[in-house]
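This is start01.txt. It holds compact mmCIF, C-alpha atoms.
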```txt
# COMPACT_ATOMS: atom_id res chain seq x y z
CA ARG C 1 67.12 -6.26 -118.79
CA GLU C 2 63.42 -6.62 -119.23
CA ARG C 3 63.82 -10.34 -119.48
CA GLU C 4 65.95 -10.36 -116.34
CA ARG C 5 63.24 -8.36 -114.52
CA GLU C 6 60.61 -10.84 -115.64
CA ARG C 7 62.73 -13.64 -114.22
CA VAL C 8 63.42 -11.82 -110.93
CA VAL C 9 59.81 -10.91 -110.16
CA PRO C 10 58.38 -14.42 -110.40
CA VAL C 11 61.26 -15.70 -108.35
CA SER C 12 61.02 -12.98 -105.63
CA ILE C 13 57.26 -13.38 -105.05
CA PRO C 14 57.52 -17.01 -103.93
CA LEU C 15 60.43 -16.06 -101.71
CA ILE C 16 58.37 -13.30 -100.01
CA VAL C 17 55.36 -15.57 -99.65
CA GLY C 18 57.57 -18.25 -98.21
CA ARG C 19 59.01 -15.77 -95.71
CA LEU C 20 55.48 -14.73 -94.71
CA ASP C 21 54.67 -18.35 -94.00
CA LEU C 22 57.57 -18.34 -91.58
CA PHE C 23 56.47 -15.08 -89.86
CA ILE C 24 52.76 -15.94 -89.41
CA PRO C 25 53.30 -18.62 -86.71
CA ILE C 26 55.75 -16.31 -84.96
CA MET C 27 53.21 -13.46 -85.03
CA LYS C 28 50.48 -15.77 -83.70
CA ALA C 29 52.74 -16.88 -80.91
CA THR C 30 53.63 -13.31 -79.86
CA VAL C 31 50.65 -11.09 -80.76
CA ALA C 32 47.87 -13.32 -79.35
CA PRO C 33 49.28 -13.47 -75.78
CA THR C 34 50.03 -9.77 -75.97
CA LEU C 35 46.42 -8.95 -76.86
CA LEU C 36 45.26 -11.24 -74.09
CA HIS C 37 47.48 -9.42 -71.62
CA VAL C 38 46.10 -6.08 -72.77
CA VAL C 39 42.51 -7.26 -72.29
CA VAL C 40 43.28 -8.60 -68.81
CA VAL C 41 45.00 -5.36 -67.83
CA LEU C 42 42.01 -3.29 -68.98
CA VAL C 43 39.55 -5.49 -67.09
CA VAL C 44 41.60 -5.32 -63.90
CA ALA C 45 41.99 -1.57 -64.24
CA GLY C 46 38.25 -1.13 -64.68
CA SER C 47 37.52 -3.27 -61.63
CA ALA C 48 40.03 -1.43 -59.51
CA SER C 49 38.48 1.91 -60.41
CA ALA C 50 35.32 0.84 -58.64
CA PHE C 51 37.28 0.58 -55.37
CA ALA C 52 39.33 3.67 -55.90
CA PRO C 53 39.12 6.32 -53.11
CA THR C 54 36.76 9.25 -53.60
CA PRO C 55 38.44 12.25 -55.18
CA LEU C 56 39.22 15.12 -52.87
CA ALA C 57 36.52 17.25 -54.44
CA ASN C 58 33.88 14.62 -53.69
CA VAL C 59 35.21 14.14 -50.18
CA GLY C 60 34.82 17.81 -49.51
CA THR C 61 31.31 17.68 -50.88
CA ASN C 62 30.43 14.70 -48.69
CA ARG C 63 31.89 16.36 -45.64
CA SER C 64 29.90 19.50 -46.31
CA CYS C 65 26.76 17.39 -46.62
CA LEU C 66 27.46 15.63 -43.33
CA SER C 67 28.18 18.93 -41.63
CA SER C 68 24.85 20.43 -42.68
CA PRO C 69 22.17 20.89 -39.94
CA LYS C 70 19.74 18.53 -41.66
CA ALA C 71 22.36 15.80 -41.85
CA ARG C 72 23.34 16.28 -38.21
CA SER C 73 19.67 16.23 -37.17
CA ALA C 74 19.01 13.03 -39.11
CA THR C 75 22.10 11.44 -37.59
CA SER C 76 20.99 12.46 -34.08
CA ILE C 77 17.55 10.97 -34.64
CA GLN C 78 19.07 7.73 -35.87
CA MET C 79 21.33 7.57 -32.81
CA GLN C 80 18.40 8.27 -30.48
CA ASN C 81 16.35 5.55 -32.13
CA LEU C 82 19.26 3.15 -31.86
CA LEU C 83 19.87 3.94 -28.18
CA GLY C 84 16.15 3.83 -27.49
CA GLY C 85 15.94 0.39 -29.02
CA ILE C 86 18.86 -0.81 -26.94
CA PHE C 87 17.92 0.71 -23.61
CA GLY C 88 14.14 1.05 -24.05
CA ASP C 89 13.36 -2.55 -23.18
CA ALA C 90 15.60 -2.42 -20.13
CA ALA C 91 13.90 0.76 -18.90
CA ALA C 92 10.47 -0.74 -19.49
CA LYS C 93 11.45 -3.86 -17.55
CA GLU C 94 12.83 -1.73 -14.74
CA LYS C 95 9.66 0.31 -14.67
CA GLY C 96 7.57 -2.82 -14.71
CA ALA C 97 9.58 -4.11 -11.78
CA GLU C 98 8.47 -1.17 -9.61
CA ALA C 99 5.96 -1.83 -6.87
CA PRO C 100 2.40 -1.70 -8.25
CA LYS C 101 0.22 1.22 -7.24
CA ILE C 102 -2.34 0.61 -4.52
CA PRO C 103 -5.78 0.53 -6.15
CA ASP C 104 -8.59 2.83 -5.04
CA PHE C 105 -10.63 1.39 -2.22
CA VAL C 106 -14.17 2.04 -0.93
CA VAL C 107 -14.61 1.02 2.70
CA THR C 108 -17.49 -1.37 3.33
CA PRO C 109 -20.36 0.34 5.19
CA SER C 110 -21.20 -1.07 8.61
CA TYR C 111 -24.61 -0.91 10.33
CA SER C 112 -23.22 -2.29 13.58
CA LEU C 113 -23.30 1.08 15.32
CA ALA C 114 -26.91 1.76 14.28
CA ILE C 115 -27.99 -1.67 15.43
CA GLY C 116 -26.14 -1.14 18.70
CA PHE C 117 -28.12 2.01 19.43
CA VAL C 118 -31.38 0.20 18.69
CA PHE C 119 -30.55 -2.30 21.44
CA TYR C 120 -29.44 0.58 23.64
CA SER C 121 -32.84 2.26 23.27
CA LEU C 122 -34.60 -1.00 24.24
CA PHE C 123 -32.33 -1.26 27.26
CA PHE C 124 -33.54 2.11 28.56
CA VAL C 125 -37.19 1.17 28.12
CA VAL C 126 -36.73 -2.15 29.91
CA ALA C 127 -34.37 -0.87 32.60
CA LEU C 128 -36.66 2.00 33.54
CA GLN C 129 -39.73 -0.25 33.38
CA ALA C 130 -41.34 1.61 30.51
CA SER C 131 -41.52 4.77 32.51
CA ILE C 132 -41.84 8.14 30.89
CA LEU C 133 -38.12 8.70 31.33
CA GLY C 134 -37.34 5.27 29.88
CA VAL C 135 -39.55 5.89 26.87
CA ILE C 136 -37.99 9.30 26.27
CA LEU C 137 -34.43 8.02 26.56
CA GLY C 138 -35.26 4.96 24.53
CA GLY C 139 -36.97 7.07 21.90
CA LEU C 140 -34.00 9.44 21.60
CA ASN C 141 -31.59 6.54 21.15
CA LEU C 142 -33.87 4.94 18.60
CA LEU C 143 -34.01 8.24 16.71
CA PHE C 144 -30.23 8.46 16.75
CA ALA C 145 -29.99 4.84 15.53
CA SER C 146 -32.22 5.78 12.59
CA PHE C 147 -29.97 8.74 11.80
CA LEU C 148 -26.89 6.47 11.85
CA ALA C 149 -28.62 3.98 9.53
CA VAL C 150 -29.42 6.76 7.05
CA GLN C 151 -25.83 8.07 7.14
CA THR C 152 -24.44 4.55 6.75
CA ASN C 153 -26.54 4.11 3.64
CA ARG C 154 -25.65 7.58 2.28
CA LEU C 155 -21.91 8.01 2.91
CA ARG C 156 -18.84 6.15 1.69
CA PHE C 157 -15.23 6.53 2.79
CA VAL C 158 -12.91 6.33 -0.22
CA PHE C 159 -9.14 5.92 -0.44
CA ASP C 160 -7.63 6.88 -3.79
CA GLU C 161 -4.04 7.30 -4.90
CA THR C 162 -3.36 10.47 -2.90
CA SER C 163 -6.24 11.23 -0.53
CA PHE C 164 -8.88 10.07 1.92
CA GLU C 165 -12.33 11.37 0.93
CA LEU C 166 -15.93 11.34 2.08
CA LYS C 167 -18.38 10.71 -0.79
CA SER C 168 -22.11 10.36 -1.26
CA ALA C 169 -23.63 7.13 -2.62
CA LEU C 170 -27.29 8.20 -2.81
CA SER C 171 -27.34 8.57 -6.60
CA GLY C 172 -25.95 5.08 -7.12
CA ASP C 173 -22.59 6.53 -8.16
CA LEU C 174 -20.08 8.09 -5.80
CA SER C 175 -20.38 11.87 -5.87
CA ASP C 176 -19.00 14.91 -4.04
CA THR C 177 -20.49 15.66 -0.61
CA GLY C 178 -19.85 19.40 -0.88
CA GLU C 179 -18.00 21.52 1.65
CA ASN C 180 -17.32 20.53 5.23
CA VAL C 181 -20.11 21.98 7.36
CA VAL C 182 -17.76 22.92 10.21
CA VAL C 183 -14.54 24.35 8.76
CA GLY C 184 -15.39 24.59 5.06
CA GLY C 185 -13.39 23.15 2.19
CA ALA C 186 -13.80 19.80 0.48
CA ASN C 187 -14.17 16.62 2.52
CA ARG C 188 -10.93 15.34 1.06
CA TRP C 189 -7.57 15.17 2.84
CA THR C 190 -4.18 14.11 1.47
CA TYR C 191 -2.35 11.30 3.26
CA ASP C 192 0.78 13.37 3.85
CA SER C 193 -1.30 15.94 5.81
CA PHE C 194 -2.29 13.38 8.47
CA VAL C 195 -0.86 13.95 11.95
CA ASN C 196 -2.74 11.21 13.82
CA TRP C 197 -5.72 8.83 13.63
CA ASP C 198 -7.42 6.41 16.02
CA PHE C 199 -10.69 4.77 17.12
CA PHE C 200 -12.69 5.51 20.30
CA PRO C 201 -13.07 3.87 22.68
CA SER C 202 -11.12 1.14 20.82
CA ARG C 203 -10.82 -0.54 17.46
CA ASP C 204 -12.66 -3.62 18.74
CA ILE C 205 -15.62 -1.55 20.04
CA PRO C 206 -15.54 1.51 17.77
CA ILE C 207 -18.03 4.33 18.20
CA LEU C 208 -16.03 7.25 16.81
CA VAL C 209 -13.24 7.48 14.22
CA TYR C 210 -10.77 10.30 14.82
CA PHE C 211 -8.05 11.86 12.71
CA LYS C 212 -6.05 15.09 12.70
CA GLU C 213 -4.70 16.82 9.61
CA THR C 214 -2.80 19.98 8.67
CA GLN C 215 -4.40 20.54 5.27
CA THR C 216 -7.11 22.80 6.73
CA PRO C 217 -5.85 26.41 7.08
CA SER C 218 -4.39 27.00 10.54
CA ASP C 219 -6.87 29.79 11.33
CA LYS C 220 -9.63 27.15 11.28
CA TRP C 221 -7.94 24.69 13.65
CA GLU C 222 -9.78 25.97 16.74
CA GLU C 223 -13.24 25.84 15.18
CA GLY C 224 -15.71 23.03 15.78
CA PRO C 225 -14.07 19.96 17.37
CA GLY C 226 -10.77 21.87 17.34
CA GLN C 227 -11.94 23.71 20.47
CA LEU C 228 -11.42 20.46 22.40
CA ASP C 229 -7.87 20.03 21.16
CA LYS C 230 -5.37 21.16 23.78
CA VAL C 231 -2.35 19.91 21.86
CA GLY C 232 -2.78 21.84 18.62
CA GLY C 233 -0.82 21.25 15.46
CA GLY C 234 -3.74 20.50 13.15
CA GLN C 235 -7.50 20.25 12.61
CA ILE C 236 -9.23 17.32 14.32
CA HIS C 237 -12.21 15.41 12.88
CA PHE C 238 -14.64 12.93 14.41
CA PHE C 239 -17.18 10.84 12.58
CA PRO C 240 -19.31 7.89 13.73
CA ALA C 241 -17.96 4.44 12.98
CA ILE C 242 -20.43 3.74 10.17
CA ALA C 243 -17.82 1.86 8.12
CA ASP C 244 -15.75 -1.27 8.68
CA CYS C 245 -13.07 -0.04 11.10
CA ARG C 246 -10.75 -2.96 10.35
CA GLU C 247 -10.66 -1.87 6.71
CA LEU C 248 -10.16 1.75 7.78
CA GLU C 249 -7.21 0.78 9.95
CA GLU C 250 -5.72 -1.32 7.16
CA GLN C 251 -6.02 1.51 4.63
CA PHE C 252 -4.69 4.21 6.97
CA THR C 253 -1.64 2.02 7.61
CA MET C 254 -1.15 0.97 3.98
CA ARG C 255 -1.37 4.56 2.70
CA GLY C 256 1.26 5.80 5.15
CA CYS C 257 -1.00 8.05 7.24
CA ALA C 258 0.95 9.27 10.29
CA LYS C 259 -0.11 7.94 13.67
CA ILE C 260 1.08 8.82 17.17
CA GLU C 261 1.69 5.54 18.99
CA ASP C 262 0.64 5.29 22.62
```

Represent the structure contained in this file as structure tokens.
Amino acid sequence: RERERERVVPVSIPLIVGRLDLFIPIMKATVAPTLLHVVVVLVVAGSASAFAPTPLANVGTNRSCLSSPKARSATSIQMQNLLGGIFGDAAAKEKGAEAPKIPDFVVTPSYSLAIGFVFYSLFFVVALQASILGVILGGLNLLFASFLAVQTNRLRFVFDETSFELKSALSGDLSDTGENVVVGGANRWTYDSFVNWDFFPSRDIPILVYFKETQTPSDKWEEGPGQLDKVGGGQIHFFPAIADCRELEEQFTMRGCAKIED
């Protein structure tokens, strides 16, 4: 039996080894593709997990974050910035398309009236043959001409964005003239308070500039020049035509000051 075992073992080992030689190619042909498939499946599964939907717990957390006041405030600011960027340029263009504001304007002083009274004083002296009366009348007109020249040099009529104003130019810069000597209050009147304006005797030969306004308190309307007003409805003002009346007319019209047409 021992001899038979010795014969069987050597014979069986080659048979087993030979069988293994048959199985190795089969295993290579089946196991290798299988491992490859496993690797591919794992890679695909890992990639798909990156695109997987957020778990419900995380969704709830995200929703709670979005519903917080800070998140809503940040979102509102972002939306406002976005809308501002979209519509801001259009609004700026629309605003830029509006009619430009009328710039402030200082009416040019005019010495024509003062010069006219100088010639008027000479007329009296010549017409009355240098008599005492002629000299007196001529002297009074010459004095008045001097007064007009001083006022022409001192005062400026200014139109700004909202009002017509009388200013002083003595200091080199335009300054306040103080209160009105007749009815009080500042020498400044808004355009929308104007009732009427005109030149006497005419715009071509102006001696006085006239306007009526309702800005002065109504209890003052009958004081000063207002005593001559039989129509009522405002405070009237007269001042000598010591400024360019063509510019005054242009500015009164441009600023929308009301005027009663004849």

Point-to-point distance in Å for atom CA of Arg156 of chain C and atom CA of Met254 of chain C: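 One can read the atom CA of Met254 of chain C to atom CA of Arg156 of chain C distance as 18.6 Å.
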
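Among the candidates C:Leu140, C:Val135, C:Val209, C:Ala145, the residue lying nearest to Ile115 of chain C is C:Ala145 (atoms considered: all atoms listed in the file).
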
Separation of atom CA of Ala169 of chain C from atom CA of Pro217 of chain C, in Å and rounded to one decimal: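 These atoms are spaced 28.0 Å apart.
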
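We find atom CA of Asp173 of chain C and atom CA of Asp160 of chain C to be spaced 15.6 Å apart.
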
Selected residue of minimal separation from Thr190 of chain C among C:Tyr111, C:Trp221, C:Phe159, C:Phe239, counting only C-alpha atoms: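 Using only C-alpha atoms, the shortest distance to Thr190 of chain C belongs to C:Phe159.
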
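Among C:Pro240, C:Gly226, C:Gly178, C:Gly232, the residue with the shortest atom-to-atom distance to Phe200 of chain C, counting all atoms listed in the file, is C:Pro240.
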
Residues near Glu249 of chain C, cut-off 10 Å, all atoms listed in the file, skip fewer than 3 positions along chain, as a list in words: Trp197, Asp198, Phe199, Arg203, Val209, Asp244, Cys245, Arg246, Phe252, Thr253, Met254 and Cys257 of chain C

Which of C:Ser218, C:Glu161, C:Ser110, C:Gly139 sits closest to Phe123 of chain C [using all atoms listed in the file]: C:Gly139

Counting only C-alpha atoms, the option among C:Lys259, C:Val182, C:Ser202, C:Ala149 closest to His237 of chain C: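 Using only C-alpha atoms, the shortest distance to His237 of chain C belongs to C:Val182.
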
Might I get the box with edges along x, y and z of the file that holds all atoms of segment 212-226 of chain C listed there, padded by 6 Å on every side, given as centre and edge lengths in Å to one decimal, as AutoDock Vina command-line options?
```
--center_x -9.3 --center_y 22.4 --center_z 11.3 --size_x 24.9 --size_y 26.7 --size_z 24.1
```

Which neighbours of segment 136-138 of chain C fall inside 12 Å, counting all atoms listed in the file, when residues of the same chain fewer than 2 positions from it are skipped, and could you give them as a short mmCIF file (atom, residue, chain, number, x, y, z; two decimals) with C-alpha atoms, keeping the file's coordinate frame?
```cif
data_model
loop_
_atom_site.label_atom_id
_atom_site.label_comp_id
_atom_site.auth_asym_id
_atom_site.auth_seq_id
_atom_site.Cartn_x
_atom_site.Cartn_y
_atom_site.Cartn_z
CA PHE C 117 -28.12 2.01 19.43
CA VAL C 118 -31.38 0.20 18.69
CA PHE C 119 -30.55 -2.30 21.44
CA TYR C 120 -29.44 0.58 23.64
CA SER C 121 -32.84 2.26 23.27
CA LEU C 122 -34.60 -1.00 24.24
CA PHE C 123 -32.33 -1.26 27.26
CA PHE C 124 -33.54 2.11 28.56
CA VAL C 125 -37.19 1.17 28.12
CA VAL C 126 -36.73 -2.15 29.91
CA ALA C 127 -34.37 -0.87 32.60
CA LEU C 128 -36.66 2.00 33.54
CA GLN C 129 -39.73 -0.25 33.38
CA ALA C 130 -41.34 1.61 30.51
CA SER C 131 -41.52 4.77 32.51
CA ILE C 132 -41.84 8.14 30.89
CA LEU C 133 -38.12 8.70 31.33
CA GLY C 134 -37.34 5.27 29.88
CA LEU C 140 -34.00 9.44 21.60
CA ASN C 141 -31.59 6.54 21.15
CA LEU C 142 -33.87 4.94 18.60
CA LEU C 143 -34.01 8.24 16.71
CA PHE C 144 -30.23 8.46 16.75
CA ALA C 145 -29.99 4.84 15.53
#
```
